[in-house]
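Chemist: Please find query-v9.pdb (PDB, C-alpha atoms, pLDDT in the B column) on the next line:
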ATOM      1  CA  GLN A   1    -170.634  15.775-252.047  1.00 86.00           C
ATOM      2  CA  VAL A   2    -173.892  14.084-251.185  1.00 89.00           C
ATOM      3  CA  GLN A   3    -176.213  15.140-248.389  1.00 92.00           C
ATOM      4  CA  LEU A   4    -178.643  12.712-246.779  1.00 94.00           C
ATOM      5  CA  VAL A   5    -181.732  13.669-244.792  1.00 94.00           C
ATOM      6  CA  GLU A   6    -183.509  10.940-242.853  1.00 95.00           C
ATOM      7  CA  SER A   7    -186.964  10.895-241.348  1.00 94.00           C
ATOM      8  CA  GLY A   8    -189.563   8.523-239.990  1.00 95.00           C
ATOM      9  CA  GLY A   9    -188.173   7.025-236.806  1.00 93.00           C
ATOM     10  CA  GLY A  10    -190.090   6.791-233.562  1.00 96.00           C
ATOM     11  CA  LEU A  11    -191.627   4.560-230.928  1.00 97.00           C
ATOM     12  CA  VAL A  12    -193.804   1.644-231.987  1.00 97.00           C
ATOM     13  CA  GLN A  13    -195.241  -1.403-230.271  1.00 98.00           C
ATOM     14  CA  PRO A  14    -194.103  -4.902-231.194  1.00 98.00           C
ATOM     15  CA  GLY A  15    -195.836  -6.042-234.344  1.00 98.00           C
ATOM     16  CA  GLY A  16    -196.249  -2.494-235.555  1.00 98.00           C
ATOM     17  CA  SER A  17    -194.886  -0.714-238.615  1.00 98.00           C
ATOM     18  CA  LEU A  18    -192.772   2.295-239.457  1.00 98.00           C
ATOM     19  CA  ARG A  19    -191.469   3.781-242.659  1.00 98.00           C
ATOM     20  CA  LEU A  20    -188.098   5.480-242.868  1.00 98.00           C
ATOM     21  CA  SER A  21    -187.187   7.907-245.635  1.00 97.00           C
ATOM     22  CA  CYS A  22    -183.809   9.069-246.840  1.00 96.00           C
ATOM     23  CA  ALA A  23    -183.564  11.903-249.339  1.00 95.00           C
ATOM     24  CA  ALA A  24    -180.308  12.529-251.178  1.00 92.00           C
ATOM     25  CA  SER A  25    -179.113  15.776-252.663  1.00 89.00           C
ATOM     26  CA  GLY A  26    -175.889  17.067-254.162  1.00 86.00           C
ATOM     27  CA  SER A  27    -173.800  14.913-256.496  1.00 78.00           C
ATOM     28  CA  ILE A  28    -176.504  12.288-256.812  1.00 75.00           C
ATOM     29  CA  PHE A  29    -175.445  11.315-260.339  1.00 76.00           C
ATOM     30  CA  ARG A  30    -172.477   9.557-258.761  1.00 77.00           C
ATOM     31  CA  ILE A  31    -174.572   7.386-256.437  1.00 79.00           C
ATOM     32  CA  ASN A  32    -173.863   3.659-256.778  1.00 83.00           C
ATOM     33  CA  SER A  33    -176.070   2.413-253.974  1.00 89.00           C
ATOM     34  CA  MET A  34    -178.262   3.603-251.116  1.00 92.00           C
ATOM     35  CA  GLY A  35    -179.502   1.830-248.084  1.00 95.00           C
ATOM     36  CA  TRP A  36    -179.847   1.558-244.352  1.00 97.00           C
ATOM     37  CA  HIS A  37    -177.650   0.311-241.566  1.00 98.00           C
ATOM     38  CA  ARG A  38    -178.510   0.181-237.895  1.00 98.00           C
ATOM     39  CA  GLN A  39    -176.664   0.185-234.615  1.00 98.00           C
ATOM     40  CA  ALA A  40    -178.096  -1.050-231.356  1.00 96.00           C
ATOM     41  CA  PRO A  41    -176.532  -0.121-227.999  1.00 92.00           C
ATOM     42  CA  GLY A  42    -173.357  -2.085-227.414  1.00 94.00           C
ATOM     43  CA  LYS A  43    -173.401  -3.608-230.876  1.00 96.00           C
ATOM     44  CA  GLU A  44    -171.645  -2.939-234.137  1.00 97.00           C
ATOM     45  CA  ARG A  45    -173.333  -1.157-236.985  1.00 97.00           C
ATOM     46  CA  GLU A  46    -174.895  -3.641-239.388  1.00 97.00           C
ATOM     47  CA  LEU A  47    -176.421  -3.625-242.834  1.00 97.00           C
ATOM     48  CA  VAL A  48    -180.213  -3.688-242.929  1.00 98.00           C
ATOM     49  CA  ALA A  49    -180.932  -3.279-246.638  1.00 97.00           C
ATOM     50  CA  ARG A  50    -179.503  -1.602-249.710  1.00 96.00           C
ATOM     51  CA  ILE A  51    -180.376  -0.999-253.319  1.00 94.00           C
ATOM     52  CA  THR A  52    -177.944  -0.506-256.157  1.00 90.00           C
ATOM     53  CA  SER A  53    -178.237   1.949-259.013  1.00 86.00           C
ATOM     54  CA  GLY A  54    -179.308  -1.020-261.139  1.00 88.00           C
ATOM     55  CA  GLY A  55    -182.201  -1.762-258.809  1.00 87.00           C
ATOM     56  CA  ASN A  56    -180.803  -4.844-257.094  1.00 93.00           C
ATOM     57  CA  THR A  57    -181.680  -5.109-253.429  1.00 95.00           C
ATOM     58  CA  ASN A  58    -180.333  -7.183-250.607  1.00 95.00           C
ATOM     59  CA  TYR A  59    -181.426  -7.554-247.010  1.00 97.00           C
ATOM     60  CA  ALA A  60    -180.059  -8.784-243.740  1.00 97.00           C
ATOM     61  CA  ASP A  61    -181.399 -12.226-242.878  1.00 97.00           C
ATOM     62  CA  SER A  62    -182.955 -10.838-239.716  1.00 97.00           C
ATOM     63  CA  VAL A  63    -185.261  -8.497-241.655  1.00 97.00           C
ATOM     64  CA  THR A  64    -186.001 -10.508-244.787  1.00 97.00           C
ATOM     65  CA  GLY A  65    -189.732 -10.852-245.244  1.00 97.00           C
ATOM     66  CA  ARG A  66    -190.503  -8.019-242.844  1.00 98.00           C
ATOM     67  CA  PHE A  67    -188.694  -4.996-244.298  1.00 98.00           C
ATOM     68  CA  THR A  68    -188.953  -3.657-247.831  1.00 97.00           C
ATOM     69  CA  LEU A  69    -186.588  -1.157-249.405  1.00 97.00           C
ATOM     70  CA  SER A  70    -187.823   0.926-252.325  1.00 94.00           C
ATOM     71  CA  ARG A  71    -186.776   4.070-254.116  1.00 92.00           C
ATOM     72  CA  ASP A  72    -188.293   7.010-255.898  1.00 90.00           C
ATOM     73  CA  ASN A  73    -185.795   8.128-258.510  1.00 84.00           C
ATOM     74  CA  ALA A  74    -187.679  11.345-259.209  1.00 87.00           C
ATOM     75  CA  LYS A  75    -187.304  12.366-255.568  1.00 88.00           C
ATOM     76  CA  ASN A  76    -183.853  10.807-255.057  1.00 89.00           C
ATOM     77  CA  THR A  77    -185.312   9.116-252.028  1.00 93.00           C
ATOM     78  CA  VAL A  78    -185.247   5.605-250.628  1.00 95.00           C
ATOM     79  CA  TYR A  79    -187.857   4.232-248.268  1.00 97.00           C
ATOM     80  CA  LEU A  80    -187.559   1.435-245.749  1.00 98.00           C
ATOM     81  CA  GLN A  81    -190.943  -0.028-244.902  1.00 98.00           C
ATOM     82  CA  MET A  82    -190.619  -1.954-241.654  1.00 98.00           C
ATOM     83  CA  ASN A  83    -193.422  -4.314-240.699  1.00 98.00           C
ATOM     84  CA  SER A  84    -193.847  -6.838-237.891  1.00 98.00           C
ATOM     85  CA  LEU A  85    -191.335  -4.928-235.825  1.00 98.00           C
ATOM     86  CA  LYS A  86    -189.652  -6.687-232.923  1.00 98.00           C
ATOM     87  CA  PRO A  87    -187.934  -5.324-229.821  1.00 97.00           C
ATOM     88  CA  GLU A  88    -184.613  -6.484-231.286  1.00 96.00           C
ATOM     89  CA  ASP A  89    -185.133  -4.052-234.171  1.00 98.00           C
ATOM     90  CA  THR A  90    -184.568  -1.220-231.718  1.00 98.00           C
ATOM     91  CA  ALA A  91    -181.561   0.777-232.907  1.00 98.00           C
ATOM     92  CA  VAL A  92    -180.419   3.981-234.502  1.00 98.00           C
ATOM     93  CA  TYR A  93    -180.969   3.611-238.222  1.00 98.00           C
ATOM     94  CA  TYR A  94    -178.503   5.317-240.536  1.00 98.00           C
ATOM     95  CA  CYS A  95    -178.938   6.034-244.211  1.00 97.00           C
ATOM     96  CA  LYS A  96    -175.837   5.313-246.248  1.00 96.00           C
ATOM     97  CA  THR A  97    -174.889   6.006-249.817  1.00 93.00           C
ATOM     98  CA  VAL A  98    -171.860   5.194-251.899  1.00 90.00           C
ATOM     99  CA  ALA A  99    -171.144   7.817-254.533  1.00 87.00           C
ATOM    100  CA  GLY A 100    -168.087   7.314-256.653  1.00 84.00           C
ATOM    101  CA  LEU A 101    -165.435   6.174-254.208  1.00 86.00           C
ATOM    102  CA  LYS A 102    -166.899   7.968-251.218  1.00 90.00           C
ATOM    103  CA  VAL A 103    -169.253   6.799-248.494  1.00 93.00           C
ATOM    104  CA  TYR A 104    -171.775   9.183-246.966  1.00 94.00           C
ATOM    105  CA  TRP A 105    -173.846   8.687-243.836  1.00 96.00           C
ATOM    106  CA  GLY A 106    -176.939  10.380-242.534  1.00 96.00           C
ATOM    107  CA  ARG A 107    -177.174  11.508-238.927  1.00 96.00           C
ATOM    108  CA  GLY A 108    -179.387   8.611-237.923  1.00 96.00           C
ATOM    109  CA  THR A 109    -182.931   8.227-236.700  1.00 97.00           C
ATOM    110  CA  GLN A 110    -183.982   6.330-233.586  1.00 97.00           C
ATOM    111  CA  VAL A 111    -186.364   3.395-233.890  1.00 98.00           C
ATOM    112  CA  THR A 112    -187.657   1.984-230.622  1.00 98.00           C
ATOM    113  CA  VAL A 113    -189.881  -1.087-230.504  1.00 98.00           C
ATOM    114  CA  SER A 114    -191.408  -1.473-227.086  1.00 96.00           C
ATOM    115  CA  SER A 115    -194.713  -2.088-225.379  1.00 95.00           C
TER     116      SER A 115
END
Have the structure of the file written as structure tokens, please.
Modeler:
Amino acid sequence: QVQLVESGGGLVQPGGSLRLSCAASGSIFRINSMGWHRQAPGKERELVARITSGGNTNYADSVTGRFTLSRDNAKNTVYLQMNSLKPEDTAVYYCKTVAGLKVYWGRGTQVTVSS
């Protein structure tokens, strides 16, 4: 089992920045990848960014150049630095990890971009 604890969401004006954190605990030695998805009202959940155990990262086209995913192996934590935020980035952001053959989700954190 893997437990995920997210933090860092909130309300920000367009053009602003936020940083999300996701800390993993439990059977972390089995983790293959960690990352973030998001779901806006009335839309399907979509990949935002993820990083593999080997350090490879990939991003959704809509966030490339604005968001940066990083990890702290000592803290078993990934960070999503979100810059130049737009109203269309408004969504619930979910941390996701794949450990072995299982997928684990965090509870989600709300990000609202509005003036």
Chemist: For Gly8 in chain A, which residue out of A:Ser115, A:Thr97, A:Leu80, A:Val63 is the nearest one, using all atoms listed in the file?
Modeler: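 Residue with the minimum atom-to-atom distance to Gly8 in chain A: A:Leu80.
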Chemist: Can you pull out the residues contacting Ala74 in chain A? Cut-off 12 Å, using only C-alpha atoms, and skip same-chain residues under 2 positions away; I want them as a PyMOL selection string.
Modeler: chain A and resi 23-25+28+71-72+76-78
Chemist: Rounded to one decimal place, report the CA of Val12 in chain A-CA of Asn83 in chain A distance in Å.
Modeler: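 Value for the CA of Val12 in chain A-CA of Asn83 in chain A distance: 10.6 Å.
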Chemist: Put a box with edges along x, y and z around all the listed atoms of range 101-107 of chain A, pad it by 4 Å on each side, then give me its centre and sizes in Å, one decimal, as JSON.
Modeler:
{"center_x": -171.3, "center_y": 8.8, "center_z": -246.6, "size_x": 19.7, "size_y": 13.3, "size_z": 23.3}
Chemist: Kindly give the distance, in Å, that separates CA of Tyr93 in chain A and CA of Asn73 in chain A, rounded to a single decimal.
Modeler: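 Between CA of Tyr93 in chain A and CA of Asn73 in chain A the gap is 21.3 Å.
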Chemist: List the neighbours of Leu85 in chain A out to 9 Å using all atoms listed in the file; skip same-chain residues closer than 6 positions along the sequence, and give me the result as JSON, numbers by chain.
Modeler: {"A": [12, 13, 14, 15, 16, 17, 18, 66, 67, 113]}
Chemist: A:Thr52, A:Gln39, A:Gln1, A:Thr112: which is nearest Ser27 in chain A, counting all atoms listed in the file?
Modeler: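 When distances to Ser27 in chain A are compared using all atoms listed in the file, the smallest one comes from A:Gln1.
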Chemist: By how many Å are CA of Val98 in chain A and CA of Val48 in chain A apart?
Modeler: 15.1 Å
Chemist: If you count all atoms listed in the file, which residues fall within 10 Å of His37 in chain A, apart from same-chain ones fewer than 4 positions away, as a PyMOL selection string?
Modeler: chain A and resi 45-50+60+91-96+105+108
Chemist: Can I get the selected residues back with C-alpha atoms, as a compact mmCIF listing (two decimals), in the frame of the given file?
Modeler:
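Written output follows (again.txt):
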# COMPACT_ATOMS: atom_id res chain seq x y z
CA ARG A 45 -173.33 -1.16 -236.98
CA GLU A 46 -174.90 -3.64 -239.39
CA LEU A 47 -176.42 -3.62 -242.83
CA VAL A 48 -180.21 -3.69 -242.93
CA ALA A 49 -180.93 -3.28 -246.64
CA ARG A 50 -179.50 -1.60 -249.71
CA ALA A 60 -180.06 -8.78 -243.74
CA ALA A 91 -181.56 0.78 -232.91
CA VAL A 92 -180.42 3.98 -234.50
CA TYR A 93 -180.97 3.61 -238.22
CA TYR A 94 -178.50 5.32 -240.54
CA CYS A 95 -178.94 6.03 -244.21
CA LYS A 96 -175.84 5.31 -246.25
CA TRP A 105 -173.85 8.69 -243.84
CA GLY A 108 -179.39 8.61 -237.92
Chemist: Could you check the closest approach to Leu4 in chain A for each of A:Tyr104, A:Gln110, A:Glu44, A:Tyr59 and tell me which residue wins, using only C-alpha atoms?
Modeler: A:Tyr104
Chemist: Using all atoms listed in the file, pick whichever of A:Leu11, A:Arg19, A:Gln3, A:Gly26 has the shortest atom-to-atom distance to Ser114 in chain A.
Modeler: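 When distances to Ser114 in chain A are compared using all atoms listed in the file, the smallest one comes from A:Leu11.
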Chemist: Which is closer to Leu69 in chain A than all the others in A:Ala99, A:Ala40, A:Cys22, A:Ile31, using all atoms listed in the file?
Modeler: A:Cys22
Chemist: Which is closer to Ser33 in chain A than all the others in A:Gly106, A:Gly100, A:Gly10, A:Gly65, using all atoms listed in the file?
Modeler: A:Gly100
Chemist: Because the input lacks atoms here, generate N, CA, C and O atoms for range 26-48 of chain A and report them as a short mmCIF file (atom, residue, chain, number, x, y, z; two decimals), in the coordinates of the input.
Modeler:
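Output saved as selection17.cif:
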data_model
loop_
_atom_site.label_atom_id
_atom_site.label_comp_id
_atom_site.auth_asym_id
_atom_site.auth_seq_id
_atom_site.Cartn_x
_atom_site.Cartn_y
_atom_site.Cartn_z
N GLY A 26 -177.29 16.83 -253.85
CA GLY A 26 -175.89 17.07 -254.16
C GLY A 26 -175.48 16.30 -255.40
O GLY A 26 -176.21 16.26 -256.37
N SER A 27 -174.36 15.63 -255.34
CA SER A 27 -173.80 14.91 -256.50
C SER A 27 -174.45 13.55 -256.64
O SER A 27 -173.78 12.51 -256.62
N ILE A 28 -175.76 13.54 -256.81
CA ILE A 28 -176.50 12.29 -256.81
C ILE A 28 -176.24 11.45 -258.05
O ILE A 28 -176.47 10.25 -258.05
N PHE A 29 -175.71 12.07 -259.12
CA PHE A 29 -175.44 11.32 -260.34
C PHE A 29 -174.33 10.29 -260.12
O PHE A 29 -174.15 9.37 -260.91
N ARG A 30 -173.58 10.46 -259.05
CA ARG A 30 -172.48 9.56 -258.76
C ARG A 30 -172.88 8.40 -257.84
O ARG A 30 -172.06 7.56 -257.52
N ILE A 31 -174.15 8.39 -257.41
CA ILE A 31 -174.57 7.39 -256.44
C ILE A 31 -174.56 5.99 -257.04
O ILE A 31 -175.15 5.75 -258.10
N ASN A 32 -173.89 5.06 -256.36
CA ASN A 32 -173.86 3.66 -256.78
C ASN A 32 -174.89 2.82 -256.03
O ASN A 32 -175.45 1.87 -256.58
N SER A 33 -175.11 3.16 -254.77
CA SER A 33 -176.07 2.41 -253.97
C SER A 33 -176.55 3.28 -252.82
O SER A 33 -175.86 4.22 -252.41
N MET A 34 -177.72 2.96 -252.31
CA MET A 34 -178.26 3.60 -251.12
C MET A 34 -178.89 2.54 -250.24
O MET A 34 -179.36 1.52 -250.74
N GLY A 35 -178.89 2.81 -248.96
CA GLY A 35 -179.50 1.83 -248.08
C GLY A 35 -179.47 2.27 -246.64
O GLY A 35 -179.23 3.43 -246.34
N TRP A 36 -179.75 1.30 -245.78
CA TRP A 36 -179.85 1.56 -244.35
C TRP A 36 -178.98 0.58 -243.56
O TRP A 36 -178.93 -0.62 -243.88
N HIS A 37 -178.33 1.10 -242.58
CA HIS A 37 -177.65 0.31 -241.57
C HIS A 37 -178.29 0.66 -240.23
O HIS A 37 -179.02 1.65 -240.13
N ARG A 38 -178.02 -0.14 -239.24
CA ARG A 38 -178.51 0.18 -237.90
C ARG A 38 -177.48 -0.21 -236.85
O ARG A 38 -176.64 -1.08 -237.09
N GLN A 39 -177.58 0.47 -235.71
CA GLN A 39 -176.66 0.18 -234.62
C GLN A 39 -177.44 0.21 -233.32
O GLN A 39 -178.01 1.24 -232.94
N ALA A 40 -177.46 -0.93 -232.66
CA ALA A 40 -178.10 -1.05 -231.36
C ALA A 40 -177.06 -0.78 -230.27
O ALA A 40 -175.85 -0.93 -230.51
N PRO A 41 -177.48 -0.40 -229.08
CA PRO A 41 -176.53 -0.12 -228.00
C PRO A 41 -175.62 -1.31 -227.74
O PRO A 41 -176.08 -2.45 -227.60
N GLY A 42 -174.33 -1.04 -227.71
CA GLY A 42 -173.36 -2.08 -227.41
C GLY A 42 -173.06 -3.02 -228.56
O GLY A 42 -172.32 -3.99 -228.40
N LYS A 43 -173.62 -2.75 -229.73
CA LYS A 43 -173.40 -3.61 -230.88
C LYS A 43 -172.78 -2.83 -232.02
O LYS A 43 -172.82 -1.60 -232.05
N GLU A 44 -172.22 -3.57 -232.98
CA GLU A 44 -171.64 -2.94 -234.14
C GLU A 44 -172.73 -2.54 -235.13
O GLU A 44 -173.82 -3.12 -235.15
N ARG A 45 -172.41 -1.56 -235.94
CA ARG A 45 -173.33 -1.16 -236.98
C ARG A 45 -173.44 -2.28 -238.02
O ARG A 45 -172.44 -2.87 -238.41
N GLU A 46 -174.67 -2.55 -238.45
CA GLU A 46 -174.90 -3.64 -239.39
C GLU A 46 -175.79 -3.21 -240.54
O GLU A 46 -176.63 -2.32 -240.40
N LEU A 47 -175.59 -3.88 -241.66
CA LEU A 47 -176.42 -3.62 -242.83
C LEU A 47 -177.84 -4.11 -242.57
O LEU A 47 -178.04 -5.21 -242.06
N VAL A 48 -178.81 -3.28 -242.97
CA VAL A 48 -180.21 -3.69 -242.93
C VAL A 48 -180.68 -4.02 -244.34
O VAL A 48 -181.18 -5.11 -244.61
#
